[in-house]
Structure formats: C-alpha cells, structure tokens
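Participant: Questions regarding the structure given below will be posed in turn.
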Amino acid sequence: MRDTFVRTLVELAKEDKNIELLTGDLGFGVLQPFWEKCPDQFTNAGIAEQNMTSVAAGMALTGKNVFTYSIGNFPTLRCIEQIRNDCAYHNANVKVVCIGGGFVYGSLGMSHQATEDLAILRALPNVVVLAPADLIEAEECTKALAKYKGTAYLRLGRGGEKRIHDKIENFQIGKAIKVCDGAKIAIFSTGAIFEEVTVAKDVLKAKGINPAVYTFPTVKPIDKEIIEQIAKDFDLIVTCEEQNVIGGFGSAVAEVMTEMKQRNAILLRVGLNDEYSVRVGNQKYLRGQYGIDAEGIVKKILNQFNHE
C-alpha cells in the first residue's frame, strides 16, 4: 500500500503545487520518487513527529494541503495533542498517514504495534478516518483525501497486500463497498485484515455458510445506511479489524445498531480483546496468536452459531 500511496501522491502533487509531504526522518527508499519529482514540496522534519505535526498545521493554515508520513504509532499516538489542538481544532488541511497499521511491525514489539489508532483518532472531532483494504482502495483513499478539506487519518498496510477490486466506481469517503452477496451472515471488514476475511469466507462457504462481505475503507464517518440495511435483513453482522475491539471499527458499527428502533441482526466483533500484545513476531503469526486470522474468524462465527 505504501508504494501505491506514494505513486498516487506524486501524480497529484505534480498537478497541485499546494500538496506538501512531511516525513519524520524515515521511509526514504519509499519516498524517493516524491522528492525527486516534487523536491520543493517535500520536507524531512527529523526524528520529531510532534514538531512535524505542528509544522504541518502551520503550513495548512497558510493554504497548503499537507500529508505527514511515518510508521506505526509515531505519526498518531505520539502526536495526539498536536493532531487535536493544532490540526483538528482548526480543521486544518492535514492528512496523517500511518504506514504499518495493526501488527505490520509486530516483530518490533508493542511500541510499534498500531492497535488502538482507529479508536483514538475516531474519537477526535473533525477527523476523518480511512483504512483501505487493498491497493485500489489505497489509491482511491489518497485521491479522495487530496480533495478533502480538513484533518484526516489514513491507515495503510506496508506492502504485499492482495488486490481485491479491479476498479471502484464512484469511490466516496463514508461509503462501504460490497464485495459479494450472501445470506444470513454479513462480514464487515476494515483495513488489510481483509485478506484474512477472504480466506474465512471460502472456508465458511465450504461448510454451507454463505456470508455477504463488505469492506469499509472509511471508519469515520461510518456508512450508516449500509449498516442499517444489513442489520434489518441479516441475522448476524461480524466486524473484523486489526486493532482493539474497544472504540474502533466494531464499536462504530455497534453505535449505529444500538440507535436503530428495529433490527434483526446481532453483532459479533472480531479484534484484539482489550489487550496489548505480549508476544513478538510477524504479522501473520500475531494474527493467529490473537484469533484474528482466517481460522480465528471462522471459529468465532461457528461458535456464535452453536450458541444460537
């Protein structure tokens, strides 16, 4: 996803000289195409992410369209006060970009595991939160944020994500995307965990269960229309996210369902069960350890059926 983001931003920045990219002294191998083609629109703020965010806010308030770039929790949790006070409060045109959401940097330990970011950024007023599932969604999210006026968060994977969509017609911030139809069960997914959802769907189909699948590249504002429609027509909604179940994507769906006067579906949230990872390993290993890989998703869904 990171290469797709950079490639897309380069093309946008060549046409729009107000686009600026700031990095916290990393990602140079990935960002090289940007500074080579748009050198006057690139700034290395050094290992000082909080300063980077405040500088971005100042640039935005002079008319610039600013993207900040770093890995894991560095551009987000480390900079919450600056994002809140300097960017979001002023509705500044700053787009915070995290490379390595969830367990991407799992081998570096919990300090690098971005597993609360969706919840924390979603809680800030005036902040749009996006988490694309594949390369096409990442491209569309980048284009949409370049046009969006205000503060936003873009959570990306690292690389090697599977391509889901051939193309997306009429991509819009705040709208979910239907991947396939189904019956009784609907699986909602946000971010790169979708690759596990695709495997889980195939396993379930082999067992005679045919779930509908939707990706939600936008966590905030959430697509209330789709959630309400599915909650009326289906028996079970399963949300999948590579982060804490408290306050994140599943909570956003739960908030919509709770306010409905009539609904049929119950909700099953798949994610980290309000805990930090005490284990160290690659992304695939940690997903399995915490039950959010394909096997874990299937197991939780089948357990839900057995309890009914």
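Chain labels A, B, ... are given in the sequence in which chains occur in the structure tokens; within each chain residues are numbered consecutively from 1, and ligands are likewise numbered from 1 in the order shown.
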Give me the stretch 70-150 of chain A side of the contact with stretch 216-225 of chain A, cut-off 6 Å, one line per residue showing its nearest atom pair and distance in Å at one decimal, counting only C-alpha atoms, sorted by chain and residue number, as a tab-separated table.

Facilitator:
residue	atom	partner	partner_atom	distance
A:Val128	CA	A:Lys220	CA	5.3
A:Val129	CA	A:Lys220	CA	4.9
A:Leu130	CA	A:Thr218	CA	4.4
A:Ala131	CA	A:Pro217	CA	4.9
A:Pro132	CA	A:Pro217	CA	4.5

Participant: Find the residues around stretch 82-98 of chain A up to 9 Å (only C-alpha atoms counted), leave out those fewer than 4 positions away in its own chain, and share them as a ChimeraX atom specification.

Facilitator: /A:50-51,53-54,56-61,63-76,78,114,121,124-127,145-146,148-157

Participant: Include N, CA and C atoms and write out the residues we just selected as a CSV table (one decimal), in the first residue's frame.

Facilitator:
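Wrote out02.csv, looks like this:
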chain,number,residue,atom,x,y,z
A,50,GLN,N,6.1,15.2,16.7
A,50,GLN,CA,5.2,16.2,17.3
A,50,GLN,C,5.5,17.5,16.6
A,51,ASN,N,6.7,17.9,16.4
A,51,ASN,CA,7.1,19.1,15.7
A,51,ASN,C,6.6,19.0,14.3
A,53,THR,N,4.0,17.5,13.1
A,53,THR,CA,2.6,17.7,13.0
A,53,THR,C,2.2,19.2,13.2
A,54,SER,N,2.9,19.9,14.1
A,54,SER,CA,2.6,21.3,14.3
A,54,SER,C,3.1,22.1,13.1
A,56,ALA,N,3.1,21.0,10.1
A,56,ALA,CA,2.1,20.7,9.1
A,56,ALA,C,0.8,21.5,9.3
A,57,ALA,N,0.4,21.7,10.5
A,57,ALA,CA,-0.7,22.5,10.8
A,57,ALA,C,-0.5,24.0,10.4
A,58,GLY,N,0.7,24.5,10.7
A,58,GLY,CA,1.0,25.9,10.3
A,58,GLY,C,1.0,26.0,8.8
A,59,MET,N,1.6,25.0,8.1
A,59,MET,CA,1.6,25.1,6.6
A,59,MET,C,0.2,25.0,6.1
A,60,ALA,N,-0.6,24.2,6.7
A,60,ALA,CA,-2.0,24.0,6.2
A,60,ALA,C,-2.8,25.3,6.4
A,61,LEU,N,-2.5,26.0,7.4
A,61,LEU,CA,-3.3,27.3,7.7
A,61,LEU,C,-2.8,28.4,6.8
A,63,GLY,N,-2.6,27.7,3.6
A,63,GLY,CA,-3.2,27.3,2.3
A,63,GLY,C,-2.6,26.0,1.7
A,64,LYS,N,-1.7,25.4,2.4
A,64,LYS,CA,-1.1,24.1,1.9
A,64,LYS,C,-2.0,22.9,2.2
A,65,ASN,N,-1.9,21.9,1.4
A,65,ASN,CA,-2.6,20.6,1.6
A,65,ASN,C,-1.5,19.6,2.0
A,66,VAL,N,-1.4,19.3,3.3
A,66,VAL,CA,-0.2,18.7,3.9
A,66,VAL,C,-0.5,17.2,4.3
A,67,PHE,N,0.4,16.3,3.9
A,67,PHE,CA,0.4,14.9,4.3
A,67,PHE,C,1.6,14.7,5.2
A,68,THR,N,1.4,14.1,6.4
A,68,THR,CA,2.5,13.7,7.2
A,68,THR,C,2.7,12.2,7.2
A,69,TYR,N,3.9,11.7,7.2
A,69,TYR,CA,4.2,10.3,6.9
A,69,TYR,C,5.1,9.7,8.0
A,70,SER,N,4.7,8.6,8.6
A,70,SER,CA,5.6,7.9,9.5
A,70,SER,C,5.0,6.5,9.7
A,71,ILE,N,5.7,5.7,10.5
A,71,ILE,CA,5.3,4.3,10.7
A,71,ILE,C,4.6,4.1,12.0
A,72,GLY,N,3.7,3.1,12.0
A,72,GLY,CA,3.0,2.7,13.3
A,72,GLY,C,2.4,3.8,14.1
A,73,ASN,N,2.8,3.9,15.4
A,73,ASN,CA,2.2,4.9,16.3
A,73,ASN,C,2.9,6.2,16.2
A,74,PHE,N,4.0,6.4,15.5
A,74,PHE,CA,4.8,7.6,15.5
A,74,PHE,C,4.0,8.8,15.0
A,75,PRO,N,3.3,8.8,13.9
A,75,PRO,CA,2.5,10.0,13.5
A,75,PRO,C,1.2,10.2,14.2
A,76,THR,N,0.8,9.2,15.0
A,76,THR,CA,-0.6,9.2,15.6
A,76,THR,C,-0.5,9.3,17.1
A,78,ARG,N,1.9,9.3,19.3
A,78,ARG,CA,2.9,10.2,19.7
A,78,ARG,C,2.5,11.6,19.6
A,114,ALA,N,0.4,-0.8,16.0
A,114,ALA,CA,-0.6,0.2,16.0
A,114,ALA,C,-2.0,-0.5,16.1
A,121,LEU,N,-8.1,8.1,17.0
A,121,LEU,CA,-8.3,9.1,16.0
A,121,LEU,C,-9.8,9.3,15.7
A,124,LEU,N,-11.6,11.9,17.9
A,124,LEU,CA,-11.3,13.3,17.8
A,124,LEU,C,-12.3,14.0,16.8
A,125,PRO,N,-13.0,15.0,17.3
A,125,PRO,CA,-13.9,15.8,16.4
A,125,PRO,C,-13.2,16.3,15.1
A,126,ASN,N,-13.8,16.4,14.0
A,126,ASN,CA,-13.3,16.9,12.8
A,126,ASN,C,-12.2,16.1,12.1
A,127,VAL,N,-12.1,14.8,12.5
A,127,VAL,CA,-11.1,13.9,11.9
A,127,VAL,C,-11.8,12.8,11.2
A,145,LEU,N,-8.5,12.0,-0.3
A,145,LEU,CA,-8.0,12.9,0.8
A,145,LEU,C,-7.3,14.1,0.2
A,146,ALA,N,-6.8,14.0,-1.0
A,146,ALA,CA,-6.2,15.2,-1.7
A,146,ALA,C,-7.2,16.2,-2.0
A,148,TYR,N,-10.1,16.4,-0.1
A,148,TYR,CA,-10.9,16.7,1.1
A,148,TYR,C,-10.3,17.9,1.9
A,149,LYS,N,-11.1,18.7,2.4
A,149,LYS,CA,-10.6,19.9,3.1
A,149,LYS,C,-10.8,19.7,4.6
A,150,GLY,N,-9.8,19.4,5.3
A,150,GLY,CA,-9.9,19.2,6.7
A,150,GLY,C,-8.8,18.2,7.2
A,151,THR,N,-8.9,17.8,8.5
A,151,THR,CA,-8.0,16.9,9.1
A,151,THR,C,-8.4,15.4,8.9
A,152,ALA,N,-7.5,14.5,8.5
A,152,ALA,CA,-7.9,13.1,8.3
A,152,ALA,C,-6.8,12.2,8.6
A,153,TYR,N,-7.1,11.0,8.8
A,153,TYR,CA,-6.1,9.9,9.1
A,153,TYR,C,-6.2,8.8,8.1
A,154,LEU,N,-5.1,8.4,7.5
A,154,LEU,CA,-5.0,7.3,6.6
A,154,LEU,C,-4.2,6.2,7.1
A,155,ARG,N,-4.8,5.1,7.4
A,155,ARG,CA,-4.0,3.9,8.0
A,155,ARG,C,-3.8,2.9,6.8
A,156,LEU,N,-2.5,2.7,6.6
A,156,LEU,CA,-2.1,1.8,5.5
A,156,LEU,C,-1.4,0.6,6.0
A,157,GLY,N,-1.4,-0.5,5.2
A,157,GLY,CA,-0.5,-1.6,5.5
A,157,GLY,C,0.9,-1.2,5.1

Participant: Please compute the atom CA of A:Ala133-atom CA of A:Glu49 distance, one decimal, in Å.

Facilitator: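 Answer for the atom CA of A:Ala133 to atom CA of A:Glu49 separation: 25.8 Å.
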
Participant: From a DSSP calculation on the backbone, collect every residue of stretch 1-216 of chain A in strand (DSSP E) and output the set as a PyMOL selection string.

Facilitator: chain A and resi 19-23+42-44+65-71+94-99+127-130+151-156+177-180+185-189+212-215

Participant: Looking at only C-alpha atoms, which of A:Leu77, A:Val203, A:Met257, A:Val6 is the one that sits closest to A:Leu118?

Facilitator: A:Leu77

Participant: Could you write out, as number ranges by chain, all the residues of stretch 8-245 of chain A that DSSP marks as alpha helix (DSSP H)?

Facilitator: A: 8-15, 28-37, 49-60, 80-82, 117-122, 135-147, 194-206, 224-233

Participant: Taking only C-alpha atoms into account, name the residue in A:Ser277, A:Ile301, A:Glu137, A:Leu268 that is nearest to A:Pro211.

Facilitator: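 Checking each of A:Ser277, A:Ile301, A:Glu137, A:Leu268 against A:Pro211, counting only C-alpha atoms, the winner is A:Ile301.
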
Participant: Could you give me, as a list in words, the residues within 9 Å of stretch 32-40 of chain A, counting only C-alpha atoms and dropping anything in the same chain fewer than 5 positions from it?

Facilitator: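 With the cut-off at 9 Å, the set is Val6, Arg7, Leu9, Val10, Ala13, Lys14, Lys17, Glu20, Leu21 and Gly27 of chain A.
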
Participant: Identify which of the residues A:Val238, A:Leu302, A:Ile187, A:Ile168 lies closest to A:Val270, counting only C-alpha atoms when measuring atom-to-atom distances.

Facilitator: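 Selected residue with least distance to A:Val270: A:Val238.
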
Participant: Calculate how many Å separate atom CA of A:Ile19 from atom CA of A:Val55, rounding to one decimal.

Facilitator: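 Calculated distance between atom CA of A:Ile19 and atom CA of A:Val55 is 14.1 Å.
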
Participant: Can you tell me which residues surround A:Lys261 at a distance of at most 12 Å, considering only C-alpha atoms, apart from same-chain residues fewer than 6 positions away, and format the answer as a PDB file with all heavy atoms, in the first residue's frame?

Facilitator:
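Dumped everything to selection.pdb:
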ATOM      1  N   GLU A 228     -27.508  -0.156   8.629  1.00  0.00           N
ATOM      2  CA  GLU A 228     -28.926  -0.267   8.965  1.00  0.00           C
ATOM      3  C   GLU A 228     -29.643  -1.248   8.049  1.00  0.00           C
ATOM      4  O   GLU A 228     -30.478  -2.042   8.487  1.00  0.00           O
ATOM      5  CB  GLU A 228     -29.580   1.110   8.903  1.00  0.00           C
ATOM      6  CG  GLU A 228     -29.119   2.037  10.030  1.00  0.00           C
ATOM      7  CD  GLU A 228     -29.637   3.451   9.869  1.00  0.00           C
ATOM      8  OE1 GLU A 228     -30.151   3.784   8.765  1.00  0.00           O
ATOM      9  OE2 GLU A 228     -29.518   4.237  10.831  1.00  0.00           O
ATOM     10  N   ALA A 231     -28.484  -4.790   9.001  1.00  0.00           N
ATOM     11  CA  ALA A 231     -28.982  -5.143  10.334  1.00  0.00           C
ATOM     12  C   ALA A 231     -30.457  -5.527  10.303  1.00  0.00           C
ATOM     13  O   ALA A 231     -30.920  -6.299  11.151  1.00  0.00           O
ATOM     14  CB  ALA A 231     -28.756  -3.985  11.300  1.00  0.00           C
ATOM     15  N   LYS A 232     -31.200  -5.024   9.346  1.00  0.00           N
ATOM     16  CA  LYS A 232     -32.609  -5.378   9.195  1.00  0.00           C
ATOM     17  C   LYS A 232     -32.790  -6.699   8.449  1.00  0.00           C
ATOM     18  O   LYS A 232     -33.716  -7.453   8.742  1.00  0.00           O
ATOM     19  CB  LYS A 232     -33.352  -4.264   8.456  1.00  0.00           C
ATOM     20  CG  LYS A 232     -33.501  -2.975   9.254  1.00  0.00           C
ATOM     21  CD  LYS A 232     -34.168  -1.896   8.416  1.00  0.00           C
ATOM     22  CE  LYS A 232     -34.291  -0.590   9.187  1.00  0.00           C
ATOM     23  NZ  LYS A 232     -34.895   0.475   8.346  1.00  0.00           N
TER      24      LYS A 232
END
